[in-house]
$ cat model37.txt   # compact mmCIF, C-alpha atoms
# COMPACT_ATOMS: atom_id res chain seq x y z
CA ASN A 15 -1.90 -11.90 -7.71
CA GLU A 16 -5.38 -12.71 -8.98
CA LYS A 17 -6.79 -12.74 -5.43
CA TYR A 18 -5.02 -9.52 -4.46
CA TYR A 19 -5.20 -7.36 -7.60
CA ASP A 20 -8.17 -8.66 -9.60
CA LEU A 21 -10.63 -9.88 -6.96
CA ASP A 22 -9.65 -7.49 -4.11
CA SER A 23 -9.96 -10.51 -1.81
CA PRO A 24 -6.54 -11.71 -0.54
CA GLU A 25 -6.19 -14.98 1.41
CA ILE A 26 -2.89 -14.05 3.08
CA SER A 27 -1.42 -10.89 4.63
CA ASP A 28 0.54 -8.37 2.54
CA PHE A 29 3.68 -9.23 4.52
CA GLU A 30 3.30 -12.96 3.70
CA TYR A 31 2.71 -12.09 0.04
CA ASP A 32 5.83 -9.88 -0.11
CA LYS A 33 7.92 -12.63 1.49
CA MET A 34 6.65 -15.22 -1.01
CA LEU A 35 7.44 -12.90 -3.92
CA LYS A 36 10.95 -12.33 -2.57
CA ARG A 37 11.44 -16.10 -2.18
CA LEU A 38 10.31 -16.64 -5.78
CA GLN A 39 12.82 -14.04 -6.95
CA GLU A 40 15.61 -15.81 -5.04
CA LEU A 41 14.66 -19.17 -6.59
CA GLU A 42 14.65 -17.69 -10.09
CA GLU A 43 18.13 -16.29 -9.53
CA MET A 44 19.36 -19.67 -8.25
CA TYR A 45 17.65 -21.69 -11.02
CA PRO A 46 17.27 -19.38 -14.07
CA LEU A 47 16.43 -22.40 -16.25
CA PHE A 48 13.02 -22.60 -14.54
CA ALA A 49 12.29 -18.84 -14.48
CA ASP A 50 9.10 -17.97 -16.38
CA SER A 51 8.66 -14.83 -18.50
CA ASN A 52 5.14 -14.48 -17.03
CA SER A 53 6.43 -14.59 -13.44
CA PRO A 54 4.99 -12.05 -10.94
CA THR A 55 8.60 -10.95 -10.37
CA LYS A 56 8.73 -9.62 -13.95
CA LYS A 57 5.22 -8.22 -14.35
CA VAL A 58 3.36 -5.53 -12.43
CA GLY A 59 -0.04 -5.94 -10.76
CA GLY A 60 -2.93 -7.93 -12.17
CA LYS A 61 -5.13 -8.14 -15.25
CA VAL A 62 -7.38 -5.42 -16.63
CA SER A 63 -11.05 -6.10 -15.90
CA GLY A 64 -13.43 -6.40 -18.85
CA ASP A 65 -15.93 -4.26 -16.91
CA PHE A 66 -14.01 -1.05 -17.66
CA LYS A 67 -12.65 0.58 -20.79
CA LYS A 68 -8.94 -0.16 -21.27
CA VAL A 69 -6.45 2.71 -21.06
CA LEU A 70 -2.89 2.60 -22.42
CA HIS A 71 -0.73 4.48 -19.92
CA LYS A 72 1.32 7.37 -21.33
CA TYR A 73 4.06 6.39 -18.87
CA PRO A 74 4.53 2.84 -17.52
CA MET A 75 3.29 2.47 -13.92
CA GLN A 76 6.10 0.49 -12.38
CA SER A 77 6.34 -1.33 -9.09
CA LEU A 78 9.10 -0.99 -6.45
CA THR A 79 11.83 -3.31 -5.19
CA ASP A 80 10.99 -4.40 -1.63
CA VAL A 81 13.49 -4.75 1.21
CA PHE A 82 12.73 -6.15 4.65
CA SER A 83 15.68 -5.27 6.88
CA GLU A 84 18.06 -2.43 7.76
CA ASN A 85 20.94 -4.32 6.11
CA GLU A 86 19.02 -4.81 2.84
CA LEU A 87 18.09 -1.12 2.74
CA LYS A 88 21.66 0.02 3.43
CA SER A 89 22.99 -2.38 0.79
CA PHE A 90 20.65 -0.76 -1.77
CA LEU A 91 21.81 2.73 -0.77
CA LEU A 92 25.50 1.80 -0.94
CA LYS A 93 25.03 0.64 -4.56
CA ILE A 94 23.69 4.11 -5.37
CA TYR A 95 26.72 5.71 -3.70
CA ASP A 96 28.92 3.64 -6.05
CA ILE A 97 27.32 5.43 -9.04
CA ILE A 98 26.13 8.82 -7.75
CA ARG A 99 28.32 11.30 -5.88
CA ASP A 100 26.61 12.92 -2.85
CA PRO A 101 23.06 11.68 -3.61
CA GLU A 102 20.08 13.32 -1.91
CA PHE A 103 17.21 11.05 -0.89
CA VAL A 104 13.52 11.60 -0.17
CA VAL A 105 11.83 9.30 2.38
CA GLU A 106 8.01 9.08 2.19
CA ARG A 107 5.23 7.09 3.79
CA LYS A 108 4.14 4.24 1.51
CA ILE A 109 0.37 4.61 1.45
CA ASP A 110 -1.46 1.28 1.36
CA GLY A 111 -4.06 1.80 -1.36
CA LEU A 112 -4.80 1.45 -5.06
CA SER A 113 -2.31 3.03 -7.46
CA ILE A 114 -3.80 5.32 -10.12
CA ALA A 115 -2.70 7.80 -12.81
CA LEU A 116 -4.44 11.18 -13.27
CA GLU A 117 -4.20 12.93 -16.63
CA TYR A 118 -4.69 16.67 -17.28
CA GLU A 119 -4.91 18.54 -20.60
CA ASN A 120 -4.67 22.35 -20.73
CA GLY A 121 -5.20 22.40 -16.97
CA ILE A 122 -8.37 20.25 -16.97
CA PHE A 123 -8.66 16.74 -15.45
CA VAL A 124 -9.61 14.46 -18.35
CA LYS A 125 -8.82 10.89 -17.36
CA GLY A 126 -8.01 8.61 -14.44
CA ALA A 127 -6.88 5.01 -14.68
CA THR A 128 -5.87 2.13 -12.40
CA ARG A 129 -2.40 0.63 -12.71
CA GLY A 130 -3.61 -2.69 -14.16
CA ASP A 131 -0.56 -4.54 -15.51
CA GLY A 132 1.52 -1.35 -15.56
CA ILE A 133 1.10 -0.82 -19.31
CA THR A 134 -2.70 -0.98 -19.62
CA GLY A 135 -5.14 0.08 -16.90
CA GLU A 136 -8.87 0.57 -16.34
CA ASP A 137 -10.61 3.88 -17.04
CA VAL A 138 -12.19 4.87 -13.70
CA THR A 139 -12.57 8.60 -14.49
CA ALA A 140 -16.25 8.78 -13.50
CA ASN A 141 -15.53 7.15 -10.13
CA LEU A 142 -12.48 9.33 -9.40
CA LEU A 143 -14.69 12.43 -9.58
CA HIS A 144 -16.10 11.25 -6.22
CA VAL A 145 -12.66 10.90 -4.59
CA ASN A 146 -11.18 13.65 -2.37
CA GLY A 147 -7.63 14.91 -2.73
CA PHE A 148 -7.12 16.34 -6.22
CA PRO A 149 -8.39 19.33 -8.24
CA ASN A 150 -10.52 19.15 -11.39
CA GLU A 151 -8.64 22.18 -12.74
CA ILE A 152 -5.05 23.43 -12.43
CA ASP A 153 -2.88 26.14 -14.08
CA LYS A 154 -4.11 26.34 -17.71
CA LYS A 155 -0.56 26.99 -18.97
CA ILE A 156 0.21 23.33 -18.29
CA LYS A 157 -0.62 21.68 -21.62
CA SER A 158 -0.12 18.14 -20.35
CA LEU A 159 0.32 16.61 -16.89
CA VAL A 160 0.24 13.02 -15.68
CA VAL A 161 0.58 12.36 -11.94
CA ARG A 162 0.59 9.17 -9.96
CA GLY A 163 -1.21 8.73 -6.67
CA GLU A 164 -2.71 6.26 -4.25
CA VAL A 165 -6.45 6.02 -3.57
CA TYR A 166 -7.03 4.95 0.03
CA MET A 167 -9.76 4.51 2.62
CA THR A 168 -9.28 5.73 6.19
CA ASN A 169 -9.26 3.09 8.93
CA SER A 170 -12.34 4.62 10.59
CA THR A 171 -14.31 4.56 7.31
CA PHE A 172 -13.20 0.96 6.72
CA LEU A 173 -14.58 -0.23 10.08
CA GLU A 174 -17.83 1.68 9.47
CA ILE A 175 -18.30 0.18 5.98
CA ASN A 176 -17.57 -3.37 7.14
CA GLU A 177 -20.22 -2.96 9.84
CA LYS A 178 -22.75 -1.87 7.19
CA GLN A 179 -21.70 -4.73 4.88
CA GLU A 180 -22.31 -7.24 7.68
CA ILE A 181 -25.77 -5.80 8.42
CA LEU A 182 -26.66 -6.13 4.72
CA GLY A 183 -25.21 -9.66 4.58
CA GLN A 184 -22.68 -8.56 1.96
CA LYS A 185 -18.93 -9.11 1.43
CA ILE A 186 -16.69 -8.12 4.36
CA PHE A 187 -13.45 -6.49 3.19
CA ALA A 188 -10.13 -7.94 4.40
CA ASN A 189 -8.42 -4.57 4.93
CA PRO A 190 -8.71 -0.88 3.94
CA ARG A 191 -6.59 -1.36 0.81
CA ASN A 192 -8.96 -3.96 -0.62
CA ALA A 193 -11.96 -1.92 0.47
CA ALA A 194 -10.55 1.08 -1.42
CA ALA A 195 -9.81 -0.99 -4.52
CA GLY A 196 -13.25 -2.62 -4.50
CA SER A 197 -14.93 0.76 -3.98
CA LEU A 198 -13.08 2.53 -6.80
CA ARG A 199 -13.80 -0.30 -9.25
CA GLN A 200 -17.57 -0.11 -8.87
CA LEU A 201 -19.65 0.09 -12.05
CA ASP A 202 -21.98 2.52 -10.25
CA PRO A 203 -20.08 5.75 -9.33
CA GLN A 204 -22.69 6.50 -6.65
CA ILE A 205 -21.45 3.48 -4.66
CA THR A 206 -17.92 4.90 -4.91
CA ALA A 207 -19.22 8.26 -3.68
CA ARG A 208 -20.69 6.65 -0.55
CA ARG A 209 -17.37 4.96 0.32
CA LYS A 210 -15.58 8.26 1.20
CA LEU A 211 -12.32 7.57 -0.63
CA SER A 212 -9.30 9.90 -0.56
CA LEU A 213 -6.12 10.28 -2.57
CA PHE A 214 -2.47 11.17 -1.99
CA VAL A 215 -0.35 12.11 -5.03
CA PHE A 216 3.31 11.08 -4.83
CA ASN A 217 4.90 11.54 -8.27
CA ILE A 218 4.84 13.57 -11.50
CA GLN A 219 4.98 11.03 -14.32
CA GLY A 220 5.20 13.64 -17.09
CA ILE A 221 4.63 17.40 -17.52
CA SER A 222 4.88 20.03 -20.28
CA GLY A 223 4.99 23.80 -19.79
CA ILE A 224 7.21 23.69 -16.69
CA SER A 225 10.30 21.78 -15.52
CA PHE A 226 11.75 20.74 -12.18
CA LYS A 227 15.22 19.71 -11.07
CA SER A 228 14.08 17.56 -8.17
CA HIS A 229 11.23 15.40 -6.97
CA SER A 230 10.65 17.62 -3.93
CA GLU A 231 10.28 20.72 -6.17
CA GLY A 232 7.56 18.88 -8.09
CA ILE A 233 5.76 17.88 -4.90
CA ILE A 234 5.76 21.49 -3.65
CA TRP A 235 4.29 22.63 -6.99
CA LEU A 236 1.60 19.91 -6.91
CA LYS A 237 0.56 21.05 -3.43
CA SER A 238 0.28 24.65 -4.70
CA GLN A 239 -2.10 23.39 -7.41
CA GLY A 240 -4.46 21.81 -4.88
CA PHE A 241 -3.27 18.19 -4.78
CA ASP A 242 -3.06 16.32 -1.47
CA VAL A 243 0.54 15.09 -1.54
CA THR A 244 2.20 12.41 0.58
CA PRO A 245 2.54 14.14 3.97
CA ASP A 246 5.67 14.81 6.02
CA TYR A 247 8.29 13.52 3.60
CA LYS A 248 11.93 13.94 4.65
CA ILE A 249 14.93 14.99 2.56
CA CYS A 250 18.05 13.08 3.68
CA ASN A 251 21.75 13.39 2.85
CA SER A 252 23.20 10.26 4.41
CA ILE A 253 22.41 6.58 4.99
CA ASP A 254 21.94 7.20 8.72
CA GLU A 255 19.47 10.04 8.04
CA VAL A 256 17.51 7.76 5.70
CA TRP A 257 17.31 4.99 8.31
CA ASN A 258 16.23 7.44 11.04
CA ALA A 259 13.43 8.72 8.76
CA VAL A 260 12.32 5.13 8.05
CA GLU A 261 12.23 4.38 11.79
CA GLU A 262 10.19 7.55 12.45
CA ILE A 263 7.54 6.43 9.97
CA GLY A 264 7.53 3.00 11.63
CA GLU A 265 6.80 4.54 15.03
CA LEU A 266 4.00 6.71 13.59
CA ARG A 267 2.16 3.98 11.71
CA GLY A 268 -0.18 2.92 14.50
CA THR A 269 -1.30 6.50 15.16
CA LEU A 270 -2.41 7.36 11.60
CA ASP A 271 -5.98 6.99 10.29
CA TYR A 272 -4.77 5.43 7.04
CA GLY A 273 -2.66 2.42 6.19
CA THR A 274 1.09 2.67 5.59
CA ASP A 275 2.68 -0.64 4.69
CA GLY A 276 6.19 0.74 4.36
CA ALA A 277 8.51 3.65 3.65
CA VAL A 278 9.63 4.65 0.15
CA VAL A 279 13.21 5.83 -0.31
CA LYS A 280 13.94 7.58 -3.62
CA ILE A 281 16.58 9.75 -5.26
CA ASN A 282 15.53 13.42 -5.20
CA SER A 283 17.44 14.63 -8.30
CA LEU A 284 15.56 13.90 -11.54
CA ALA A 285 18.82 13.99 -13.54
CA GLN A 286 20.35 11.35 -11.24
CA ARG A 287 17.25 9.19 -11.71
CA GLU A 288 17.96 9.21 -15.46
CA ILE A 289 21.52 8.04 -14.81
CA LEU A 290 20.35 5.14 -12.59
CA GLY A 291 17.57 4.07 -14.99
CA ALA A 292 15.06 1.24 -14.54
CA THR A 293 14.24 -2.37 -15.37
CA SER A 294 11.00 -3.36 -17.11
CA LYS A 295 9.33 -3.66 -13.69
CA VAL A 296 11.09 -1.36 -11.19
CA PRO A 297 13.12 1.88 -11.11
CA LYS A 298 16.71 1.52 -9.89
CA TRP A 299 16.49 4.85 -8.04
CA ALA A 300 13.84 3.85 -5.48
CA VAL A 301 13.10 1.11 -2.98
CA ALA A 302 10.28 0.23 -0.58
CA TYR A 303 11.14 -0.75 2.98
CA LYS A 304 8.39 -3.06 4.30
CA TYR A 305 7.72 -3.13 8.04
CA PRO A 306 7.03 -6.51 9.66
CA PRO A 307 3.68 -6.71 11.49
CA GLU A 308 4.17 -5.80 15.16
CA GLN A 309 3.49 -8.88 17.30
CA LYS A 310 2.89 -9.02 21.05
CA GLU A 311 2.41 -11.77 23.62
CA THR A 312 -0.72 -11.83 25.81
CA VAL A 313 -3.18 -14.21 27.50
CA VAL A 314 -6.62 -15.42 26.38
CA GLU A 315 -8.81 -14.63 29.41
CA ASP A 316 -12.08 -15.82 27.86
CA ILE A 317 -13.72 -16.88 24.58
CA VAL A 318 -17.17 -15.43 23.93
CA ILE A 319 -19.64 -15.65 21.06
CA GLN A 320 -20.73 -12.38 19.48
CA VAL A 321 -24.14 -12.31 17.78
CA GLY A 322 -24.20 -10.00 14.75
CA ARG A 323 -27.26 -8.02 13.67
CA THR A 324 -28.04 -10.61 11.01
CA GLY A 325 -27.73 -13.47 13.52
CA LYS A 326 -24.20 -14.40 12.46
CA LEU A 327 -22.18 -15.94 15.31
CA THR A 328 -18.53 -14.90 15.66
CA PRO A 329 -16.22 -16.19 18.41
CA LEU A 330 -14.04 -13.54 20.07
CA ALA A 331 -11.03 -13.91 22.34
CA ARG A 332 -11.01 -11.60 25.36
CA LEU A 333 -7.36 -10.81 25.99
CA LYS A 334 -5.22 -9.38 28.73
CA PRO A 335 -4.86 -5.80 27.37
CA VAL A 336 -1.64 -5.16 25.45
CA LYS A 337 -0.48 -2.29 23.21
CA VAL A 338 -0.05 -3.25 19.52
CA SER A 339 0.71 -0.85 16.63
CA GLY A 340 -0.23 2.25 18.60
CA SER A 341 -3.42 1.15 20.38
CA THR A 342 -4.46 -1.09 23.28
CA VAL A 343 -5.92 -4.44 22.20
CA SER A 344 -8.20 -6.36 24.57
CA ARG A 345 -10.01 -8.68 22.14
CA ALA A 346 -9.42 -10.43 18.84
CA THR A 347 -11.65 -12.16 16.33
CA LEU A 348 -11.37 -15.95 16.19
CA HIS A 349 -13.37 -16.12 12.92
CA ASN A 350 -15.08 -19.52 13.36
CA GLU A 351 -14.94 -22.92 15.07
CA ASP A 352 -12.53 -24.40 12.49
CA TYR A 353 -10.07 -21.53 13.09
CA ILE A 354 -10.12 -22.19 16.85
CA ILE A 355 -9.60 -25.95 16.35
CA GLU A 356 -6.83 -25.48 13.78
CA LYS A 357 -4.80 -23.16 16.04
CA ASP A 358 -5.88 -24.99 19.24
CA ILE A 359 -6.85 -21.75 21.03
CA ARG A 360 -8.07 -22.23 24.63
CA VAL A 361 -8.93 -20.05 27.60
CA GLY A 362 -5.76 -19.44 29.61
CA ASP A 363 -3.43 -19.84 26.62
CA PHE A 364 -0.49 -17.54 26.07
CA VAL A 365 -0.76 -16.30 22.46
CA ILE A 366 0.97 -14.06 19.93
CA ILE A 367 -1.32 -11.43 18.41
CA GLN A 368 -0.95 -8.87 15.63
CA LYS A 369 -3.19 -6.50 13.72
CA ALA A 370 -4.20 -7.85 10.31
CA GLY A 371 -3.59 -4.99 7.89
CA ASP A 372 -2.50 -2.99 10.96
CA ILE A 373 -6.17 -2.72 12.02
CA ILE A 374 -8.03 -5.89 13.05
CA PRO A 375 -6.44 -7.81 15.96
CA GLU A 376 -5.94 -11.54 15.33
CA VAL A 377 -4.33 -14.48 17.09
CA VAL A 378 -1.26 -15.58 15.12
CA LYS A 379 -0.31 -18.63 17.19
CA VAL A 380 -0.52 -20.27 20.60
CA LEU A 381 2.66 -20.53 22.69
CA LYS A 382 2.13 -24.19 23.58
CA ASP A 383 5.32 -24.50 25.65
$ encode --input "model37.txt" --output "structure tokens"
Amino acid sequence: NEKYYDLDSPEISDFEYDKMLKRLQELEEMYPLFADSNSPTKKVGGKVSGDFKKVLHKYPMQSLTDVFSENELKSFLLKIYDIIRDPEFVVERKIDGLSIALEYENGIFVKGATRGDGITGEDVTANLLHVNGFPNEIDKKIKSLVVRGEVYMTNSTFLEINEKQEILGQKIFANPRNAAAGSLRQLDPQITARRKLSLFVFNIQGISGISFKSHSEGIIWLKSQGFDVTPDYKICNSIDEVWNAVEEIGELRGTLDYGTDGAVVKINSLAQREILGATSKVPKWAVAYKYPPEQKETVVEDIVIQVGRTGKLTPLARLKPVKVSGSTVSRATLHNEDYIIEKDIRVGDFVIIQKAGDIIPEVVKVLKD
């Protein structure tokens, strides 16, 4: 959690992290005697940095329950059917970025904060003024509005920034999510401005002066006020429709210029959400389906050394071209000599590759048989 949320420098993939968290949850259920009240399964996010002013959220910024298979998702939906008659669901792309809350008073944007631990976040208002995707002013009749969104960096901007970071001999970001988080949490807003960040809004946390019956009504209103909202959401009336919408997002992922690490399935009716309620960490009316990284088999045709502009040497595997997550991959980074030795990667090897963070191709393992 510290590496991922506080330092924006993860050592493992998001998928590995999610699996570890799920395993911890299973162990706590099996052995409640050893469950800790400070466990990551019970608390949201990371700590609040001392570099920014602390902000107490008007509405808790909760996390989501993760599921990893069709059966797990359908099991979640069936539990809802046990409580709610004829539920309507909304299926959205889960944007892989940094969660934030935007606050408006009398139609004017006054504050923006990171999620932090879900109760207290960091005031990043000055930096958010340099982010695209939301208006500084909305309908003045709205006395109070708090919305939740995701700040993200496009894949093309991410690759461009990492190239510049390498030239300057500075930190290389692991993926667009961490690049977005690191860019928004800069003490100098001008650095944030140069990072070309964007924002999708996906929820109304609280509003006065107007009311809605459903989540989709609220999203339509937000769009009319100038917010960029999560695109191409689907309203579904059955379990099969939900699963089809989830599969559609899965097929699209590799073609989008921003990261989507899953699909969010949520109840559309706000009254039904009240009936289902929430735990201290997650709502009971929503779930996140996490896609496994797409892996493909190919052959290492050569290993070459790339010389960076600063003189840094990076080994690359030249691969027999194969399509992974929507694009053709013909090379993958091998990081350094230790990485090659550890995985025993050789010219002529059959290997499994995937895109780290759905962007950078990497060799997962050698098929030694």
$ residues_around --input "model37.txt" --residues "Tyr18 in chain A" --least-positions-apart "6" --cutoff "10 Å" --atoms "all atoms listed in the file" --output "NGL selection string"
:A and (24-28 or 31 or 59-60 or 191-192 or 195)
$ atom_distance --input "model37.txt" --atom1 "CA of Ile114 in chain A" --atom2 "CA of Lys33 in chain A"
24.4 Å
$ residues_around --input "model37.txt" --residues "range 378-381 of chain A" --least-positions-apart "6" --cutoff "9 Å" --atoms "all atoms listed in the file" --output "JSON, numbers by chain"
{"A": [309, 311, 357, 358, 359, 360, 363, 364, 365, 366, 367, 368]}
$ atom_distance --input "model37.txt" --atom1 "CA of Glu356 in chain A" --atom2 "CA of Ile181 in chain A"
27.8 Å
$ closest_residue --input "model37.txt" --among "A:Tyr166, A:Gly130, A:His349, A:Ser83" --to "Pro306 in chain A" --atoms "all atoms listed in the file"
A:Ser83
$ residues_around --input "model37.txt" --residues "Val361 in chain A" --least-positions-apart "4" --cutoff "12 Å" --atoms "all atoms listed in the file" --output "NGL selection string"
:A and (312-318 or 330-334 or 354 or 365 or 380)
$ write_last_selection --input "model37.txt" --atoms "C-alpha atoms" --output "mmCIF file, in the coordinates of the input"
data_model
loop_
_atom_site.group_PDB
_atom_site.id
_atom_site.type_symbol
_atom_site.label_atom_id
_atom_site.label_comp_id
_atom_site.auth_asym_id
_atom_site.auth_seq_id
_atom_site.Cartn_x
_atom_site.Cartn_y
_atom_site.Cartn_z
ATOM 1 C CA THR A 312 -0.720 -11.830 25.810
ATOM 2 C CA VAL A 313 -3.180 -14.210 27.500
ATOM 3 C CA VAL A 314 -6.620 -15.420 26.380
ATOM 4 C CA GLU A 315 -8.810 -14.630 29.410
ATOM 5 C CA ASP A 316 -12.080 -15.820 27.860
ATOM 6 C CA ILE A 317 -13.720 -16.880 24.580
ATOM 7 C CA VAL A 318 -17.170 -15.430 23.930
ATOM 8 C CA LEU A 330 -14.040 -13.540 20.070
ATOM 9 C CA ALA A 331 -11.030 -13.910 22.340
ATOM 10 C CA ARG A 332 -11.010 -11.600 25.360
ATOM 11 C CA LEU A 333 -7.360 -10.810 25.990
ATOM 12 C CA LYS A 334 -5.220 -9.380 28.730
ATOM 13 C CA ILE A 354 -10.120 -22.190 16.850
ATOM 14 C CA VAL A 365 -0.760 -16.300 22.460
ATOM 15 C CA VAL A 380 -0.520 -20.270 20.600
#
$ closest_residue --input "model37.txt" --among "A:Leu173, A:Ala194, A:Ile156, A:Met44" --to "Ser113 in chain A" --atoms "all atoms listed in the file"
A:Ala194
$ residues_around --input "model37.txt" --residues "Val243 in chain A" --least-positions-apart "3" --cutoff "8 Å" --atoms "all atoms listed in the file" --output "number ranges by chain"
A: 214-216, 233, 236-237
$ closest_atom_pairs --input "model37.txt" --of "range 83-187 of chain A" --to "range 197-210 of chain A" --cutoff "12 Å" --atoms "only C-alpha atoms" --output "JSON lines"
{"residue": "A:Gly111", "atom": "CA", "partner": "A:Leu198", "partner_atom": "CA", "distance": 10.6}
{"residue": "A:Leu112", "atom": "CA", "partner": "A:Leu198", "partner_atom": "CA", "distance": 8.5}
{"residue": "A:Ser113", "atom": "CA", "partner": "A:Leu198", "partner_atom": "CA", "distance": 10.8}
{"residue": "A:Ile114", "atom": "CA", "partner": "A:Leu198", "partner_atom": "CA", "distance": 10.2}
{"residue": "A:Gly126", "atom": "CA", "partner": "A:Leu198", "partner_atom": "CA", "distance": 11.0}
{"residue": "A:Ala127", "atom": "CA", "partner": "A:Arg199", "partner_atom": "CA", "distance": 10.3}
{"residue": "A:Thr128", "atom": "CA", "partner": "A:Arg199", "partner_atom": "CA", "distance": 8.9}
{"residue": "A:Arg129", "atom": "CA", "partner": "A:Arg199", "partner_atom": "CA", "distance": 11.9}
{"residue": "A:Gly130", "atom": "CA", "partner": "A:Arg199", "partner_atom": "CA", "distance": 11.6}
{"residue": "A:Gly135", "atom": "CA", "partner": "A:Arg199", "partner_atom": "CA", "distance": 11.6}
{"residue": "A:Glu136", "atom": "CA", "partner": "A:Arg199", "partner_atom": "CA", "distance": 8.7}
{"residue": "A:Asp137", "atom": "CA", "partner": "A:Arg199", "partner_atom": "CA", "distance": 9.4}
{"residue": "A:Val138", "atom": "CA", "partner": "A:Arg199", "partner_atom": "CA", "distance": 7.0}
{"residue": "A:Thr139", "atom": "CA", "partner": "A:Pro203", "partner_atom": "CA", "distance": 9.5}
{"residue": "A:Ala140", "atom": "CA", "partner": "A:Pro203", "partner_atom": "CA", "distance": 6.4}
{"residue": "A:Asn141", "atom": "CA", "partner": "A:Pro203", "partner_atom": "CA", "distance": 4.8}
{"residue": "A:Leu142", "atom": "CA", "partner": "A:Leu198", "partner_atom": "CA", "distance": 7.3}
{"residue": "A:Leu143", "atom": "CA", "partner": "A:Ala207", "partner_atom": "CA", "distance": 8.5}
{"residue": "A:His144", "atom": "CA", "partner": "A:Ala207", "partner_atom": "CA", "distance": 5.0}
{"residue": "A:Val145", "atom": "CA", "partner": "A:Lys210", "partner_atom": "CA", "distance": 7.0}
{"residue": "A:Asn146", "atom": "CA", "partner": "A:Lys210", "partner_atom": "CA", "distance": 7.8}
{"residue": "A:Gly147", "atom": "CA", "partner": "A:Lys210", "partner_atom": "CA", "distance": 11.1}
{"residue": "A:Glu164", "atom": "CA", "partner": "A:Leu198", "partner_atom": "CA", "distance": 11.3}
{"residue": "A:Val165", "atom": "CA", "partner": "A:Leu198", "partner_atom": "CA", "distance": 8.2}
{"residue": "A:Tyr166", "atom": "CA", "partner": "A:Lys210", "partner_atom": "CA", "distance": 9.2}
{"residue": "A:Met167", "atom": "CA", "partner": "A:Lys210", "partner_atom": "CA", "distance": 7.1}
{"residue": "A:Thr168", "atom": "CA", "partner": "A:Lys210", "partner_atom": "CA", "distance": 8.4}
{"residue": "A:Asn169", "atom": "CA", "partner": "A:Lys210", "partner_atom": "CA", "distance": 11.2}
{"residue": "A:Ser170", "atom": "CA", "partner": "A:Lys210", "partner_atom": "CA", "distance": 10.6}
{"residue": "A:Thr171", "atom": "CA", "partner": "A:Lys210", "partner_atom": "CA", "distance": 7.3}
{"residue": "A:Phe172", "atom": "CA", "partner": "A:Arg209", "partner_atom": "CA", "distance": 8.6}
{"residue": "A:Leu173", "atom": "CA", "partner": "A:Arg209", "partner_atom": "CA", "distance": 11.4}
{"residue": "A:Glu174", "atom": "CA", "partner": "A:Arg209", "partner_atom": "CA", "distance": 9.7}
{"residue": "A:Ile175", "atom": "CA", "partner": "A:Arg209", "partner_atom": "CA", "distance": 7.5}
{"residue": "A:Asn176", "atom": "CA", "partner": "A:Arg209", "partner_atom": "CA", "distance": 10.8}
{"residue": "A:Lys178", "atom": "CA", "partner": "A:Arg209", "partner_atom": "CA", "distance": 11.1}
{"residue": "A:Gln179", "atom": "CA", "partner": "A:Arg209", "partner_atom": "CA", "distance": 11.6}
{"residue": "A:Lys185", "atom": "CA", "partner": "A:Ser197", "partner_atom": "CA", "distance": 11.9}
{"residue": "A:Phe187", "atom": "CA", "partner": "A:Ser197", "partner_atom": "CA", "distance": 10.3}
$ residues_around --input "model37.txt" --residues "Val296 in chain A" --least-positions-apart "6" --cutoff "12 Å" --atoms "only C-alpha atoms" --output "ChimeraX atom specification"
/A:55-58,74-80,132,290,302
$ atom_distance --input "model37.txt" --atom1 "CA of Asn251 in chain A" --atom2 "CA of Phe103 in chain A"
6.3 Å
$ closest_residue --input "model37.txt" --among "A:Leu348, A:Ile94, A:Leu35, A:Ala193" --to "Leu327 in chain A" --atoms "all atoms listed in the file"
A:Leu348
$ closest_residue --input "model37.txt" --among "A:Arg37, A:His229, A:Arg287, A:Lys155" --to "Ile98 in chain A" --atoms "all atoms listed in the file"
A:Arg287
